[in-house]
Amino acid sequence: MYKQNIRIIGIDDGPFTFRKKSTVVIGVVIRGKSYVEGIIKSRIKIDGDDATDVLKKMVLKSRFADQIRIIMLDGITLGGFNVIDIDELHKSIERPVISITRDLPDEEKVREALIKYFDDWEKRVEIIERHPLVEVETTYKPIYIKFCGIEEGEAKRAVKNSIVRGCIPEPVRLAHIIASAFVLGESRGNA
């Protein structure tokens, strides 16, 4: 059951160009709504297939591994189309996983891009489509989540209780800001 003041890790990637081979991934561990307890980082391949394994290692090797109660991701992909298998992540770390999506994606365009650019497109599509997007009302605008290892009501409550301002949970928002600053020298873009 979701409780307030638990430790949540928010994970996001840094800005990147497709000329690069990899990008930074930042995890921010927050207790309650906004008390930052730590930051961890790793790297993933742009459009690779290593995001799930990298995130597992990043979290499990951190000093926060036993304390984290929920993993929140900025979307189901990082570094372009490096798809995160939230079921595998949940099974390996034994914590609920919630991916946050700001806007409804154009699923047909995503599928077309995957078919066009990836030999393993069927696997990537299956992982992306395995869980439906569920709308979560916020005071600003609705966002959408996919989740594993947690009931829908608990996932929605965890997301809503993690929002300080706007519509993005604070752990994910801070991971976005820090990843952006790490790459660009200062934070930019919507968080």
# chains A, B, ... in the order shown; residues from 1 in each chain; ligands from 1
>>> closest_atom_pairs(of="range 82-101 of chain A", to="range 166-180 of chain A", cutoff="10 Å", atoms="only C-alpha atoms", output="JSON lines")
{"residue": "A:Ser99", "atom": "CA", "partner": "A:Val172", "partner_atom": "CA", "distance": 9.5}
{"residue": "A:Ile100", "atom": "CA", "partner": "A:Ile168", "partner_atom": "CA", "distance": 7.8}
{"residue": "A:Thr101", "atom": "CA", "partner": "A:Ile168", "partner_atom": "CA", "distance": 8.8}
>>> atom_distance(atom1="CA of Thr17 in chain A", atom2="CA of Asp119 in chain A")
21.1 Å
>>> closest_residue(among="A:Leu133, A:Ile40, A:Ile93, A:Met58", to="Ile76 in chain A", atoms="only C-alpha atoms")
A:Leu133
>>> closest_residue(among="A:Lys56, A:Val159, A:Val24, A:Arg165", to="Asp87 in chain A", atoms="only C-alpha atoms")
A:Lys56
>>> select_by_dssp(residues="chain A", states="strand (DSSP E)", output="PyMOL selection string")
chain A and resi 7-13+22-31+35-45+68-74+77-78+82-83+97-101+134-136+143-148
>>> residues_around(residues="Glu137 in chain A", least_positions_apart="2", cutoff="12 Å", atoms="only C-alpha atoms", output="list in words")
Arg102, Val134, Glu135, Thr139, Tyr140, Lys141, Pro142, Ile143, Tyr144, Ile145, Lys156, Arg157, Val159, Lys160, Asn161, Ile163, Gly166, Cys167 and Ile168 of chain A
>>> atom_distance(atom1="CA of Leu89 in chain A", atom2="CA of Ala158 in chain A")
18.1 Å
>>> residues_around(residues="Val125 in chain A", least_positions_apart="4", cutoff="7 Å", atoms="only C-alpha atoms", output="ChimeraX atom specification")
/A:111,121,129
>>> closest_residue(among="A:Val183, A:Val164, A:Ala113, A:Ile46", to="Gly80 in chain A", atoms="only C-alpha atoms")
A:Ile46
>>> closest_residue(among="A:Ile6, A:Leu114, A:Val36, A:Ala51", to="Val83 in chain A", atoms="only C-alpha atoms")
A:Ala51
>>> closest_residue(among="A:Ile44, A:Ala181, A:Ile84, A:Leu60", to="Lys123 in chain A", atoms="only C-alpha atoms")
A:Ile84
>>> closest_residue(among="A:Gly79, A:Gly185, A:Pro15, A:Gly149", to="Asp49 in chain A", atoms="only C-alpha atoms")
A:Gly79
>>> atom_distance(atom1="CA of Ile68 in chain A", atom2="CA of His90 in chain A")
12.2 Å
>>> select_by_dssp(residues="chain A", states="helix (DSSP H, G or I)", output="PyMOL selection string")
chain A and resi 51-60+86-93+107-117+121-129+152-161+170-184
